[in-house]
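Participant: Just model-v4.cif, nothing more (mmCIF, C-alpha atoms and all ligand atoms):
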data_work
#
loop_
_atom_site.label_atom_id
_atom_site.label_comp_id
_atom_site.auth_asym_id
_atom_site.auth_seq_id
_atom_site.Cartn_x
_atom_site.Cartn_y
_atom_site.Cartn_z
CA MET A 1 74.53 39.30 87.72
CA PHE A 2 78.12 40.11 88.62
CA VAL A 3 80.71 37.34 88.65
CA VAL A 4 83.74 37.50 90.96
CA PHE A 5 86.61 34.99 90.66
CA LEU A 6 88.87 34.54 93.67
CA VAL A 7 92.43 33.71 92.65
CA GLY A 8 95.71 33.47 94.52
CA THR A 9 98.38 30.97 95.49
CA ALA A 10 97.51 27.94 97.64
CA GLY A 11 96.65 29.05 101.17
CA SER A 12 96.39 32.76 100.31
CA GLY A 13 92.88 32.86 101.79
CA LYS A 14 90.54 32.49 98.78
CA SER A 15 88.05 30.12 100.41
CA MET A 16 87.91 32.07 103.67
CA LEU A 17 87.38 35.29 101.73
CA ALA A 18 84.64 33.65 99.64
CA ALA A 19 82.89 32.76 102.91
CA ALA A 20 83.36 36.21 104.46
CA LEU A 21 82.32 38.04 101.30
CA GLU A 22 79.19 35.93 100.94
CA ARG A 23 78.22 36.62 104.55
CA TRP A 24 78.85 40.34 104.12
CA LEU A 25 76.83 40.53 100.88
CA VAL A 26 73.92 38.56 102.31
CA ASP A 27 73.95 40.73 105.47
CA THR A 28 73.80 43.74 103.13
CA GLU A 29 70.77 42.14 101.43
CA ILE A 30 72.57 41.40 98.18
CA SER A 31 71.66 37.94 96.92
CA THR A 32 74.72 35.78 96.37
CA THR A 33 75.70 32.43 94.90
CA VAL A 34 78.93 30.75 95.99
CA VAL A 35 80.55 28.38 93.52
CA ASN A 36 83.22 25.92 94.61
CA LEU A 37 85.56 25.13 91.71
CA ASP A 38 88.05 23.10 93.76
CA PRO A 39 87.45 19.39 93.09
CA GLY A 40 89.92 18.40 95.82
CA VAL A 41 88.60 20.42 98.75
CA ASP A 42 87.30 18.45 101.74
CA ALA A 43 85.16 20.98 103.55
CA PRO A 44 85.13 24.58 102.30
CA PRO A 45 84.32 27.19 104.99
CA TYR A 46 80.96 27.97 103.32
CA THR A 47 77.95 26.04 102.08
CA SER A 48 78.45 25.95 98.33
CA ASP A 49 75.39 26.65 96.19
CA VAL A 50 77.03 25.25 93.07
CA ASP A 51 79.85 22.75 93.40
CA ILE A 52 82.24 21.16 90.92
CA ARG A 53 82.36 18.09 93.20
CA GLU A 54 78.84 17.28 92.04
CA TYR A 55 80.28 16.77 88.56
CA VAL A 56 83.69 15.17 89.10
CA ASP A 57 84.89 12.81 91.80
CA TYR A 58 88.48 13.73 92.64
CA GLY A 59 88.99 10.68 94.89
CA GLU A 60 87.85 8.39 92.12
CA VAL A 61 90.15 10.12 89.60
CA ILE A 62 93.09 9.36 91.93
CA THR A 63 92.25 5.67 92.34
CA LYS A 64 90.95 5.00 88.83
CA PHE A 65 93.85 6.62 86.96
CA GLY A 66 96.57 6.11 89.55
CA LEU A 67 97.38 9.84 89.63
CA GLY A 68 99.01 11.94 92.34
CA PRO A 69 97.17 14.90 93.90
CA ASN A 70 98.28 17.46 91.29
CA GLY A 71 97.74 15.19 88.29
CA ALA A 72 94.32 14.30 89.60
CA LEU A 73 93.44 17.97 90.03
CA VAL A 74 94.45 18.71 86.43
CA ALA A 75 92.49 15.68 85.15
CA SER A 76 89.43 16.61 87.25
CA MET A 77 89.40 20.17 85.91
CA ASP A 78 89.77 18.88 82.33
CA MET A 79 86.90 16.46 82.88
CA ALA A 80 84.71 19.18 84.37
CA ILE A 81 84.97 21.27 81.19
CA SER A 82 82.34 19.11 79.52
CA HIS A 83 79.95 20.01 82.36
CA LEU A 84 80.48 23.78 82.06
CA PRO A 85 77.07 24.40 80.41
CA ASP A 86 75.35 22.57 83.31
CA ILE A 87 77.33 24.45 85.93
CA ARG A 88 76.48 27.74 84.23
CA GLU A 89 72.83 26.77 84.01
CA GLU A 90 72.78 26.07 87.75
CA ILE A 91 74.27 29.50 88.40
CA LEU A 92 71.84 31.30 86.09
CA GLU A 93 68.82 29.56 87.60
CA ARG A 94 69.59 31.11 90.98
CA GLU A 95 69.27 34.64 89.53
CA THR A 96 71.39 36.24 92.26
CA ASP A 97 73.03 39.67 92.15
CA TYR A 98 76.52 38.36 92.88
CA VAL A 99 78.28 35.11 92.02
CA ILE A 100 81.47 34.34 93.95
CA VAL A 101 83.67 31.71 92.35
CA ASP A 102 86.23 30.11 94.67
CA CYS A 103 89.01 28.84 92.38
CA PRO A 104 91.11 25.72 93.05
CA GLY A 105 93.73 25.86 95.79
CA GLN A 106 96.67 25.34 93.46
CA MET A 107 96.17 28.39 91.28
CA GLU A 108 99.02 27.53 88.94
CA LEU A 109 97.42 24.23 87.92
CA PHE A 110 94.23 26.05 87.04
CA ALA A 111 95.48 29.35 85.64
CA TYR A 112 98.26 28.04 83.46
CA ARG A 113 96.39 25.15 81.89
CA ASN A 114 93.90 25.52 79.09
CA SER A 115 91.05 24.72 81.47
CA GLY A 116 91.45 28.01 83.43
CA PRO A 117 90.44 30.48 80.71
CA LEU A 118 87.77 28.02 79.51
CA PHE A 119 86.19 28.08 82.96
CA ILE A 120 86.31 31.87 83.03
CA THR A 121 84.53 32.29 79.70
CA GLY A 122 82.27 29.27 80.22
CA LEU A 123 80.98 30.49 83.57
CA THR A 124 80.65 34.20 82.82
CA GLY A 125 79.23 34.22 79.29
CA ASN A 126 78.40 37.88 78.70
CA GLU A 127 77.95 38.78 82.36
CA PRO A 128 80.26 41.43 83.84
CA ALA A 129 83.11 39.70 85.66
CA LEU A 130 86.29 40.53 87.56
CA SER A 131 88.95 38.70 89.49
CA LEU A 132 90.18 39.33 93.01
CA TYR A 133 93.84 38.43 93.25
CA LEU A 134 94.93 37.71 96.82
CA LEU A 135 98.38 38.69 98.01
CA ASP A 136 99.05 36.90 101.29
CA SER A 137 100.13 39.23 104.13
CA ASN A 138 102.54 36.51 105.28
CA ILE A 139 104.44 36.79 102.00
CA VAL A 140 104.17 40.41 100.93
CA ARG A 141 105.41 41.80 104.24
CA THR A 142 108.89 41.82 102.64
CA PRO A 143 109.57 43.93 99.54
CA GLU A 144 110.82 40.88 97.58
CA GLY A 145 107.66 38.98 98.52
CA TYR A 146 105.53 41.93 97.49
CA LEU A 147 107.26 42.33 94.13
CA SER A 148 107.12 38.64 93.19
CA SER A 149 103.46 38.30 94.25
CA THR A 150 102.54 41.42 92.28
CA LEU A 151 104.23 40.06 89.16
CA LEU A 152 102.34 36.80 89.53
CA GLY A 153 99.13 38.84 89.74
CA LEU A 154 99.96 40.63 86.49
CA SER A 155 100.62 37.30 84.87
CA ILE A 156 97.21 36.03 86.02
CA SER A 157 95.46 39.13 84.71
CA ILE A 158 97.06 38.56 81.29
CA ARG A 159 95.94 34.96 81.39
CA PHE A 160 92.34 35.66 82.45
CA GLY A 161 91.81 38.95 80.63
CA LEU A 162 89.47 40.24 83.34
CA PRO A 163 89.60 43.50 85.30
CA GLN A 164 91.50 42.60 88.46
CA LEU A 165 91.61 43.97 91.98
CA ASN A 166 94.60 43.20 94.16
CA ILE A 167 93.71 42.24 97.73
CA LEU A 168 96.08 42.23 100.69
CA SER A 169 94.59 39.16 102.39
CA LYS A 170 94.82 38.30 106.12
CA ALA A 171 95.47 41.97 106.89
CA ASP A 172 94.57 41.24 110.54
CA ILE A 173 97.96 39.57 111.07
CA LEU A 174 99.83 42.82 110.32
CA GLU A 175 100.24 45.97 112.40
CA GLU A 176 98.56 49.03 110.89
CA GLU A 177 102.00 50.49 110.21
CA ALA A 178 103.03 47.45 108.16
CA ILE A 179 99.77 47.57 106.17
CA GLN A 180 100.37 51.22 105.34
CA ARG A 181 103.94 50.47 104.28
CA ILE A 182 102.80 47.75 101.87
CA VAL A 183 99.98 49.89 100.47
CA LYS A 184 102.54 52.63 99.84
CA TRP A 185 104.70 50.18 97.87
CA SER A 186 101.68 49.56 95.65
CA GLU A 187 101.07 53.28 95.14
CA ASN A 188 104.59 54.52 94.76
CA THR A 189 107.33 52.50 93.12
CA PHE A 190 110.03 54.74 94.61
CA GLN A 191 109.08 53.60 98.10
CA LEU A 192 109.32 50.01 96.92
CA GLU A 193 112.64 50.72 95.25
CA ASP A 194 114.00 52.09 98.54
CA ALA A 195 112.81 49.06 100.46
CA LEU A 196 114.28 46.67 97.88
CA TYR A 197 117.56 48.56 97.86
CA ASN A 198 117.86 48.04 101.59
CA SER A 199 117.00 44.37 101.63
CA ALA A 200 117.44 42.69 98.25
CA SER A 201 120.62 40.96 97.17
CA GLY A 202 122.59 41.80 94.01
CA LEU A 203 120.68 40.05 91.28
CA THR A 204 117.23 40.93 92.60
CA ARG A 205 118.31 44.54 92.88
CA GLU A 206 119.41 44.53 89.25
CA TYR A 207 116.19 42.98 87.99
CA SER A 208 114.12 45.19 90.22
CA GLN A 209 115.13 48.39 88.49
CA SER A 210 113.55 47.53 85.16
CA ILE A 211 110.60 45.73 86.74
CA LEU A 212 109.86 48.80 88.85
CA ARG A 213 109.87 51.02 85.76
CA MET A 214 107.32 48.70 84.19
CA LEU A 215 105.12 48.80 87.30
CA GLU A 216 105.35 52.58 87.30
CA GLU A 217 104.06 52.71 83.73
CA LEU A 218 101.17 50.45 84.70
CA GLY A 219 100.26 53.03 87.35
CA GLY A 220 97.26 52.07 89.48
CA ALA A 221 97.06 48.55 88.04
CA THR A 222 98.81 47.27 91.12
CA SER A 223 96.92 49.19 93.80
CA LEU A 224 96.08 47.15 96.85
CA THR A 225 93.05 46.79 99.17
CA PRO A 226 93.73 45.37 102.66
CA VAL A 227 91.05 42.89 103.72
CA SER A 228 90.61 40.40 106.54
CA ALA A 229 88.24 37.46 106.19
CA LYS A 230 88.64 36.97 109.93
CA THR A 231 87.66 40.43 111.20
CA ARG A 232 85.77 41.52 108.05
CA VAL A 233 87.85 44.71 107.93
CA GLY A 234 88.01 46.08 104.38
CA LEU A 235 85.01 44.20 102.97
CA GLU A 236 82.90 47.33 102.55
CA ILE A 237 85.73 49.15 100.77
CA LEU A 238 86.29 46.09 98.58
CA TYR A 239 82.59 46.04 97.70
CA GLY A 240 82.82 49.73 96.67
CA HIS A 241 85.75 48.95 94.36
CA MET A 242 83.92 46.02 92.81
CA GLN A 243 80.77 48.05 92.23
CA ARG A 244 82.79 50.77 90.57
CA ILE A 245 84.28 48.27 88.14
CA PHE A 246 80.92 46.68 87.40
CA MET A 247 79.11 49.99 86.99
CA GLY A 248 81.89 52.08 85.55
CA GLY A 249 83.00 50.08 82.53
CA ASP A 250 86.65 49.87 81.68
CA ASN A 251 88.21 52.67 83.63
CA VAL A 252 88.68 50.50 86.68
CA TYR A 253 91.61 51.95 88.54
CA ASP A 254 90.54 55.57 89.07
N1 LIG B 1 94.53 35.52 110.27
C1 LIG B 1 93.88 35.19 109.15
N2 LIG B 1 94.07 33.97 108.61
C2 LIG B 1 93.40 33.69 107.46
C3 LIG B 1 92.53 34.60 106.83
N3 LIG B 1 92.05 34.02 105.71
C4 LIG B 1 92.58 32.77 105.66
N4 LIG B 1 93.40 32.56 106.72
C5 LIG B 1 94.20 31.35 107.04
O1 LIG B 1 94.83 30.86 105.88
C6 LIG B 1 94.55 29.48 105.70
C7 LIG B 1 94.25 29.22 104.24
O2 LIG B 1 93.05 29.85 103.91
P1 LIG B 1 92.14 29.33 102.71
O3 LIG B 1 90.98 30.26 102.61
O4 LIG B 1 91.84 27.89 102.86
O5 LIG B 1 93.15 29.52 101.46
P2 LIG B 1 92.98 29.10 99.94
O6 LIG B 1 93.85 27.91 99.72
O7 LIG B 1 93.47 30.26 99.15
O8 LIG B 1 91.51 28.83 99.71
C8 LIG B 1 93.36 29.16 106.60
O9 LIG B 1 93.52 27.96 107.23
C9 LIG B 1 93.31 30.28 107.60
O10 LIG B 1 93.87 29.84 108.80
C10 LIG B 1 92.35 35.90 107.44
O11 LIG B 1 91.64 36.79 106.96
N5 LIG B 1 93.06 36.13 108.59
MG MG B 2 90.56 27.09 98.92
#
The structure in this file should be written as structure tokens.
Ligand SMILES: Nc1nc2c(ncn2[C@@H]2O[C@H](COP(=O)(O)OP(=O)(O)O)[C@@H](O)[C@H]2O)c(=O)[nH]1
Ligand SMILES: [Mg+2]

Facilitator:
Amino acid sequence: MFVVFLVGTAGSGKSMLAAALERWLVDTEISTTVVNLDPGVDAPPYTSDVDIREYVDYGEVITKFGLGPNGALVASMDMAISHLPDIREEILERETDYVIVDCPGQMELFAYRNSGPLFITGLTGNEPALSLYLLDSNIVRTPEGYLSSTLLGLSISIRFGLPQLNILSKADILEEEAIQRIVKWSENTFQLEDALYNSASGLTREYSQSILRMLEELGGATSLTPVSAKTRVGLEILYGHMQRIFMGGDNVYD
């Protein structure tokens, strides 16, 4: 059983990618479980096999405790922790090859609270796991957007402690030329430095220098796979990358 967590900022395309990936895996005859971890979602674009909404009632948390949407999300996730063994049991019972975990819309409320890492360890146990970090094409089309999203991804990988693949989500909204430009930024910090030099303002330019050196030392840790949940472009390549991580142990970025 391989466990895949989908993480990214609100609206970056996690739920749509969960749906597209599930369809692709099932079409490829790989059995798959989809887990919805967002207590506040109305109608995810897939039929969830395991669902946190079965364990906590977000609407009730709002009315009962008089909380706003974010507070209620935090409280719901905290309450769900006590059900982690049941949720894991449900997942294990299905005995599928892949488990796709669609994380809550507001990543920051999940990732930077204690509940985030508890969910990661509670759901995976000793199974091999990785995270897919989505960088939204709408945001990373500019060099500043790319740099800030990449740094957030590094922060998430520190927080979760899982091997992580960076995904350029919604790639269908970009021209091929723009996709190539962004992928080059991920492969070669000098290209990114050039782009930042031409567009960033004073302070960002100053920060960028030392940040870029750090990214360079990290090497392939920031490499990027363009994917579209809409057209399914890139799913096969993404699957290859995931398999390599699951089969190949630690050396994930070769
Ligand atoms: N063009 C395009 N739009 C997408 C794609 N994936 C998601 N979206 C759009 O982005 C919005 C947010 O996607 P969603 O999966 O709900 O994001 P989440 O908050 O990260 O789960 C959706 O309403 C879609 O319209 C994609 O591959 N291509
Ligand atoms: Mg979602």

Participant: Figure out the distance between atom P2 of ligand LIG 1 (chain B) and CA of Val4 in chain A, please, to one decimal in Å.

Facilitator: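 Computing it gives 15.4 Å between the two atoms.
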
Participant: Can you list, as a PDB file with C-alpha atoms, in the frame of the given file, every protein, DNA or RNA residue that comes within 6 Å of range 130-145 of chain A when you count all atoms listed in the file, leaving out same-chain residues fewer than 6 positions away?

Facilitator:
ATOM      1  CA  VAL A   4      83.740  37.500  90.960  1.00  0.00           C
ATOM      2  CA  PHE A   5      86.610  34.990  90.660  1.00  0.00           C
ATOM      3  CA  LEU A   6      88.870  34.540  93.670  1.00  0.00           C
ATOM      4  CA  VAL A   7      92.430  33.710  92.650  1.00  0.00           C
ATOM      5  CA  GLY A   8      95.710  33.470  94.520  1.00  0.00           C
ATOM      6  CA  SER A  12      96.390  32.760 100.310  1.00  0.00           C
ATOM      7  CA  LEU A 162      89.470  40.240  83.340  1.00  0.00           C
ATOM      8  CA  PRO A 163      89.600  43.500  85.300  1.00  0.00           C
ATOM      9  CA  GLN A 164      91.500  42.600  88.460  1.00  0.00           C
ATOM     10  CA  LEU A 165      91.610  43.970  91.980  1.00  0.00           C
ATOM     11  CA  ASN A 166      94.600  43.200  94.160  1.00  0.00           C
ATOM     12  CA  ILE A 167      93.710  42.240  97.730  1.00  0.00           C
ATOM     13  CA  LEU A 168      96.080  42.230 100.690  1.00  0.00           C
ATOM     14  CA  SER A 169      94.590  39.160 102.390  1.00  0.00           C
ATOM     15  CA  LYS A 170      94.820  38.300 106.120  1.00  0.00           C
ATOM     16  CA  LEU A 196     114.280  46.670  97.880  1.00  0.00           C
TER      17      LEU A 196
END

Participant: Do you know which residues lie at most 12 Å from (95.3, 17.9, 85.9), with coordinates as in the file and all atoms listed in the file counted, and could you write them as a ChimeraX atom specification?

Facilitator: /A:38-40,58,61-62,65,67-81,104,106-116

Participant: With a cut-off of 6 Å, could you pull out the residues of chain A touching ligand MG 2 (chain B) and give me the nearest pair of atoms for each, distance in Å to one decimal, using all atoms listed in the file, ordered by chain and ascending number, as CSV?

Facilitator:
residue,atom,partner,partner_atom,distance
A:Lys14,CA,B:MG2,MG,5.4
A:Ser15,CA,B:MG2,MG,4.2
A:Gly105,CA,B:MG2,MG,4.6

Participant: Find the residue from A:Glu217, A:Glu29, A:Glu22, A:Asp102 that sits nearest to Asp51 in chain A; use all atoms listed in the file when measuring.

Facilitator: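 When distances to Asp51 in chain A are compared using all atoms listed in the file, the smallest one comes from A:Asp102.
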
Participant: Go through A:Asp172, A:Glu93, A:Glu236, A:Glu187 and flag the residue nearest ligand LIG 1 (chain B), using only C-alpha atoms and all ligand atoms for the distances.

Facilitator: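 The shortest atom-to-atom distance to ligand LIG 1 (chain B) comes from A:Asp172.
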